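A quick write-up on the structure given underneath.
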Amino acid sequence: MMERALPDKALEYNLSVVRERMAQACVSGGRAPDAVTLLAVTKTVSAERINAALALGVTQIGENRVQEYLGKKDALQLDGVQKHLIGHLQTNKVRQIVGQVDMIQSVDSERLAEAISRVSLERGIVTPVLIEVNIGGEEAKSGVAPDRLEALLENIHALEGIHVNGLMTVPPISTKESEKRAIFSKMYQLFVDNRAKKLDNIDMLELSMGMSGDYVEAILEGSTLVRVGSAIFGARQV
Ligand SMILES: *Cc1c(COP(=O)(O)O)cnc(C)c1O
């Protein structure tokens with residue numbers, strides 16, 4: 001029998017804290033305690049530590065870089081685990097990642113959506129995607145501008161190799177606590193407005209927002225999926 005890495009105590013404790021705070025935020029917001037999905041962000045984390053988290057019941061993981069993910073993937077115990085690409089994706093990496101993850105959360109242009117659709121169709125699959133929105137309007141950040149979102153959805157909704165499942169955002173790092181909720185609330189409004197339009201092939205089911213420093217605020221403003229890295233695995237060495 002294959003031996004599993006011993007779940008590390010700190011990891012177990014961190015996970016229980018995150019799950020508890022998530023459940024409390026859900027209840028505070030009038031939702032079921034398990035209404036929000038926890039995605040563990042595993043960038044820079046070793047395969048061994050990721051497997052320890054999976055053994056502790058983590059069911060969703062997210063990686064930023066195609067190369068790093070593909071390099072670790074074969075060492076992971078991924079039965080029943082949903083894998084997400086959450087980092088910026090260059091069109092020249094699309095061939096490598098399509099079919100290797102269950103969802104690509106970082107689609108922000110027609111060109112990228114078309115590339116993912118084309119490769120998916122070649123491979124006989126449909127790739128679920130989220131549209132990344134640059135809610136803070138930062139110059140250098142990936143994500144579609146909020147006022148371009150509607151046009152983007154209209155331009156890509158007929159693509160047969162992708163299925164749009166919702167929206168994702170990374171708010172500006174510098175945002176103050178007090179402004180965070182306003183930003184998340186603006187994002188939730190975009191989500192609800194576009195959900196009401198009921199475009200073919202677009203289901204606004206997931207609103208991916210909230211990271212280690214702000215997942216409680218994101219949940220209070222309507223997030224359905226939080227992406228938490230350092231609060232689970234500890235600070236990243238960079
Ligand atoms: C790194 C990262 C996260 C997690 O960040 P933490 O602050 O460590 O929780 C979430 N989303 C994206 C897109 C990231 O790149």
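Starting from 1 in every chain, residues are counted up; chains themselves are A, B, ... following the order of the structure tokens, and ligands are numbered from 1 as listed.
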Using only C-alpha atoms and all ligand atoms, which protein or nucleic acid residues are at most 9 Å from ligand 1, as a PyMOL selection string?
chain A and resi 39-43+62-64+85-88+105-106+168-170+208-215+226-236
Put those residues in a file: C-alpha atoms, as a CSV table (one decimal), in the first residue's frame.
```csv
chain,number,residue,atom,x,y,z
A,39,LEU,CA,-10.3,26.4,-3.3
A,40,ALA,CA,-6.8,25.9,-1.9
A,41,VAL,CA,-4.2,27.9,-3.8
A,42,THR,CA,-1.2,25.7,-4.2
A,43,LYS,CA,1.3,27.8,-6.1
A,62,GLY,CA,-5.8,26.3,-7.9
A,63,GLU,CA,-2.5,27.0,-9.6
A,64,ASN,CA,-1.2,30.1,-11.3
A,85,LEU,CA,-6.0,27.5,-13.4
A,86,ILE,CA,-6.3,30.9,-11.7
A,87,GLY,CA,-3.3,32.8,-13.0
A,88,HIS,CA,-3.0,34.8,-16.2
A,105,GLN,CA,-10.7,31.2,-14.1
A,106,SER,CA,-8.7,33.8,-15.9
A,168,MET,CA,-13.5,36.0,-11.0
A,169,THR,CA,-11.6,39.0,-9.6
A,170,VAL,CA,-8.5,39.9,-7.8
A,208,SER,CA,-14.7,33.7,-7.5
A,209,MET,CA,-13.5,36.4,-5.1
A,210,GLY,CA,-11.7,36.5,-1.7
A,211,MET,CA,-8.2,35.5,-0.8
A,212,SER,CA,-6.4,34.9,2.5
A,213,GLY,CA,-6.7,38.6,3.6
A,214,ASP,CA,-10.2,39.2,2.6
A,215,TYR,CA,-12.3,36.0,2.1
A,226,VAL,CA,-12.8,31.8,-2.3
A,227,ARG,CA,-9.2,31.2,-3.3
A,228,VAL,CA,-7.0,30.8,-0.2
A,229,GLY,CA,-3.3,30.2,-0.3
A,230,SER,CA,-1.1,31.5,2.5
A,231,ALA,CA,-3.8,31.3,5.3
A,232,ILE,CA,-3.7,27.5,4.6
A,233,PHE,CA,-0.1,26.8,3.7
A,234,GLY,CA,1.7,29.6,5.4
A,235,ALA,CA,3.5,32.6,3.8
A,236,ARG,CA,5.1,31.9,0.5
```
Excluding same-chain residues fewer than 3 positions from segment 171-182 of chain A, what lies within 12 Å of it counting only C-alpha atoms, as a VMD selection string?
chain A and resid 132 to 143 168 185 to 189 208 to 223
Could you save those same residues with N, CA, C and O atoms as a short mmCIF file (atom, residue, chain, number, x, y, z; two decimals), in the first residue's frame?
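That gives us out.cif:
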```
data_model
loop_
_atom_site.label_atom_id
_atom_site.label_comp_id
_atom_site.auth_asym_id
_atom_site.auth_seq_id
_atom_site.Cartn_x
_atom_site.Cartn_y
_atom_site.Cartn_z
N GLU A 132 -12.35 36.82 -15.93
CA GLU A 132 -11.67 37.64 -14.92
C GLU A 132 -11.95 39.11 -15.19
O GLU A 132 -11.75 39.61 -16.29
N VAL A 133 -12.41 39.79 -14.15
CA VAL A 133 -12.75 41.21 -14.25
C VAL A 133 -11.74 42.03 -13.45
O VAL A 133 -11.46 41.72 -12.29
N ASN A 134 -11.22 43.06 -14.06
CA ASN A 134 -10.28 43.97 -13.40
C ASN A 134 -11.12 45.04 -12.69
O ASN A 134 -11.27 46.16 -13.17
N ILE A 135 -11.64 44.66 -11.55
CA ILE A 135 -12.64 45.50 -10.89
C ILE A 135 -12.05 46.80 -10.38
O ILE A 135 -12.73 47.83 -10.30
N GLY A 136 -10.75 46.78 -10.04
CA GLY A 136 -10.11 47.99 -9.54
C GLY A 136 -9.64 48.92 -10.64
O GLY A 136 -9.12 50.00 -10.37
N GLY A 137 -9.78 48.48 -11.90
CA GLY A 137 -9.36 49.30 -13.03
C GLY A 137 -7.87 49.61 -13.05
O GLY A 137 -7.43 50.65 -13.49
N GLU A 138 -7.06 48.65 -12.56
CA GLU A 138 -5.61 48.90 -12.52
C GLU A 138 -4.98 48.72 -13.89
O GLU A 138 -5.25 47.73 -14.58
N GLU A 139 -4.12 49.65 -14.25
CA GLU A 139 -3.41 49.64 -15.54
C GLU A 139 -2.83 48.28 -15.89
O GLU A 139 -3.15 47.72 -16.92
N ALA A 140 -1.95 47.81 -15.03
CA ALA A 140 -1.09 46.69 -15.39
C ALA A 140 -1.70 45.33 -15.09
O ALA A 140 -1.05 44.31 -15.24
N LYS A 141 -2.94 45.32 -14.68
CA LYS A 141 -3.52 44.06 -14.22
C LYS A 141 -4.29 43.36 -15.33
O LYS A 141 -4.90 43.99 -16.17
N SER A 142 -4.27 42.00 -15.26
CA SER A 142 -5.09 41.28 -16.22
C SER A 142 -6.55 41.36 -15.78
O SER A 142 -6.88 41.83 -14.71
N GLY A 143 -7.44 40.91 -16.64
CA GLY A 143 -8.87 41.04 -16.37
C GLY A 143 -9.48 42.04 -17.31
O GLY A 143 -8.85 43.02 -17.70
N MET A 168 -14.61 36.05 -12.01
CA MET A 168 -13.53 35.99 -11.03
C MET A 168 -12.89 37.36 -10.93
O MET A 168 -12.90 38.12 -11.90
N SER A 185 -18.73 44.38 -3.48
CA SER A 185 -20.15 44.61 -3.72
C SER A 185 -20.40 45.02 -5.18
O SER A 185 -21.37 44.58 -5.81
N LYS A 186 -19.49 45.82 -5.71
CA LYS A 186 -19.59 46.23 -7.11
C LYS A 186 -19.48 45.00 -8.03
O LYS A 186 -20.18 44.86 -9.03
N MET A 187 -18.58 44.10 -7.63
CA MET A 187 -18.38 42.87 -8.39
C MET A 187 -19.64 42.00 -8.34
O MET A 187 -20.06 41.43 -9.35
N TYR A 188 -20.23 41.91 -7.17
CA TYR A 188 -21.45 41.11 -7.03
C TYR A 188 -22.57 41.67 -7.90
O TYR A 188 -23.32 40.92 -8.53
N GLN A 189 -22.62 43.00 -7.98
CA GLN A 189 -23.65 43.63 -8.81
C GLN A 189 -23.47 43.28 -10.29
O GLN A 189 -24.44 42.97 -10.98
N SER A 208 -16.00 34.03 -8.12
CA SER A 208 -14.75 33.67 -7.47
C SER A 208 -14.05 34.93 -6.97
O SER A 208 -13.44 35.66 -7.73
N MET A 209 -14.18 35.20 -5.67
CA MET A 209 -13.48 36.35 -5.08
C MET A 209 -13.25 36.10 -3.60
O MET A 209 -14.03 35.44 -2.93
N GLY A 210 -12.13 36.67 -3.11
CA GLY A 210 -11.73 36.47 -1.73
C GLY A 210 -10.46 35.64 -1.67
O GLY A 210 -10.39 34.57 -2.27
N MET A 211 -9.43 36.18 -0.97
CA MET A 211 -8.17 35.48 -0.78
C MET A 211 -7.87 35.49 0.73
O MET A 211 -8.71 35.86 1.54
N SER A 212 -6.64 35.10 1.11
CA SER A 212 -6.35 34.93 2.55
C SER A 212 -6.73 36.15 3.38
O SER A 212 -7.26 36.02 4.48
N GLY A 213 -6.45 37.35 2.85
CA GLY A 213 -6.65 38.56 3.65
C GLY A 213 -8.07 39.09 3.65
O GLY A 213 -8.39 40.01 4.42
N ASP A 214 -8.93 38.57 2.78
CA ASP A 214 -10.24 39.21 2.64
C ASP A 214 -11.38 38.26 2.31
O ASP A 214 -12.42 38.69 1.83
N TYR A 215 -11.19 36.95 2.56
CA TYR A 215 -12.25 36.03 2.14
C TYR A 215 -13.54 36.21 2.95
O TYR A 215 -14.64 35.99 2.42
N VAL A 216 -13.42 36.66 4.20
CA VAL A 216 -14.64 36.89 4.99
C VAL A 216 -15.47 38.02 4.36
O VAL A 216 -16.67 37.87 4.13
N GLU A 217 -14.80 39.14 4.04
CA GLU A 217 -15.48 40.27 3.41
C GLU A 217 -16.10 39.86 2.07
O GLU A 217 -17.21 40.26 1.73
N ALA A 218 -15.34 39.06 1.31
CA ALA A 218 -15.85 38.62 -0.01
C ALA A 218 -17.11 37.77 0.15
O ALA A 218 -18.08 37.93 -0.60
N ILE A 219 -17.11 36.90 1.16
CA ILE A 219 -18.29 36.05 1.39
C ILE A 219 -19.48 36.91 1.81
O ILE A 219 -20.60 36.72 1.33
N LEU A 220 -19.22 37.89 2.66
CA LEU A 220 -20.32 38.77 3.09
C LEU A 220 -20.92 39.53 1.91
O LEU A 220 -22.08 39.90 1.95
N GLU A 221 -20.14 39.71 0.86
CA GLU A 221 -20.64 40.43 -0.32
C GLU A 221 -21.10 39.50 -1.44
O GLU A 221 -21.34 39.95 -2.55
N GLY A 222 -21.15 38.19 -1.17
CA GLY A 222 -21.78 37.30 -2.14
C GLY A 222 -20.87 36.37 -2.93
O GLY A 222 -21.31 35.72 -3.88
N SER A 223 -19.59 36.26 -2.54
CA SER A 223 -18.71 35.29 -3.20
C SER A 223 -19.28 33.88 -3.09
O SER A 223 -19.91 33.53 -2.10
#
```
Just asking: which residues within segment 202-231 of chain A are helix (DSSP H, G or I) according to DSSP, as a ChimeraX atom specification?
/A:215-220,230-231
Nearest to Arg49 of chain A among A:Ser28, A:His84, A:Asp8, A:Gln67, with distances taken over only C-alpha atoms: which residue is it?
A:Asp8
Please report, as an NGL selection string, each residue of segment 42-155 of chain A to which DSSP assigns strand (DSSP E) when run on this structure's backbone.
:A and (60-63 or 82-85 or 103-107 or 127-133)
Keeping only C-alpha atoms, write those residues as a JSON list (two decimals), in the first residue's frame.
```
[["chain", "number", "residue", "atom", "x", "y", "z"],
["A", 60, "GLN", "CA", -10.43, 22.10, -5.08],
["A", 61, "ILE", "CA", -6.96, 23.35, -5.90],
["A", 62, "GLY", "CA", -5.79, 26.34, -7.92],
["A", 63, "GLU", "CA", -2.46, 26.98, -9.60],
["A", 82, "GLN", "CA", -11.22, 19.82, -9.09],
["A", 83, "LYS", "CA", -8.23, 21.62, -10.56],
["A", 84, "HIS", "CA", -8.37, 25.28, -11.54],
["A", 85, "LEU", "CA", -6.01, 27.55, -13.39],
["A", 103, "MET", "CA", -11.76, 25.16, -15.01],
["A", 104, "ILE", "CA", -9.81, 28.15, -16.31],
["A", 105, "GLN", "CA", -10.70, 31.16, -14.14],
["A", 106, "SER", "CA", -8.68, 33.80, -15.92],
["A", 107, "VAL", "CA", -10.27, 34.40, -19.32],
["A", 127, "THR", "CA", -13.75, 23.75, -21.01],
["A", 128, "PRO", "CA", -15.58, 25.55, -18.19],
["A", 129, "VAL", "CA", -14.24, 29.08, -17.72],
["A", 130, "LEU", "CA", -14.73, 32.15, -15.57],
["A", 131, "ILE", "CA", -14.26, 35.67, -16.89],
["A", 132, "GLU", "CA", -11.67, 37.64, -14.92],
["A", 133, "VAL", "CA", -12.75, 41.21, -14.25]]
```
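Shortest atom-to-atom contact with Lys93 of chain A among A:Ala151, A:Val27, A:Leu70, A:Val144: A:Leu70, counting only C-alpha atoms.
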Close residues, Gln96 of chain A itself excluded, 12 Å, only C-alpha atoms, min 3 positions apart in chain, as an MDAnalysis selection string:
chainID A and resid 65:71 85 89:93 99:101 115:116 119:120 123
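When only C-alpha atoms are used to compute distances to Val164 of chain A, the closest of the residues A:Leu38, A:Leu207, A:Val98, A:Leu225 turns out to be A:Leu207.
Restricting the calculation to only C-alpha atoms, the smallest distance between Ala145 of chain A and any of A:Gln237, A:Ser109, A:Thr59, A:Asn201 is found for A:Ser109.
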If I take atom CA of Gln24 of chain A and atom CA of Val36 of chain A, how far is one from the other in Å, to one decimal?
11.0 Å
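In this model, the gap between atom CA of Val58 of chain A and atom CA of Leu167 of chain A comes to 21.9 Å.
Here the question is which of A:Arg111, A:Asp34, A:Leu190, A:Glu122 gets nearest to Asp147 of chain A using only C-alpha atoms, and that residue is A:Leu190.
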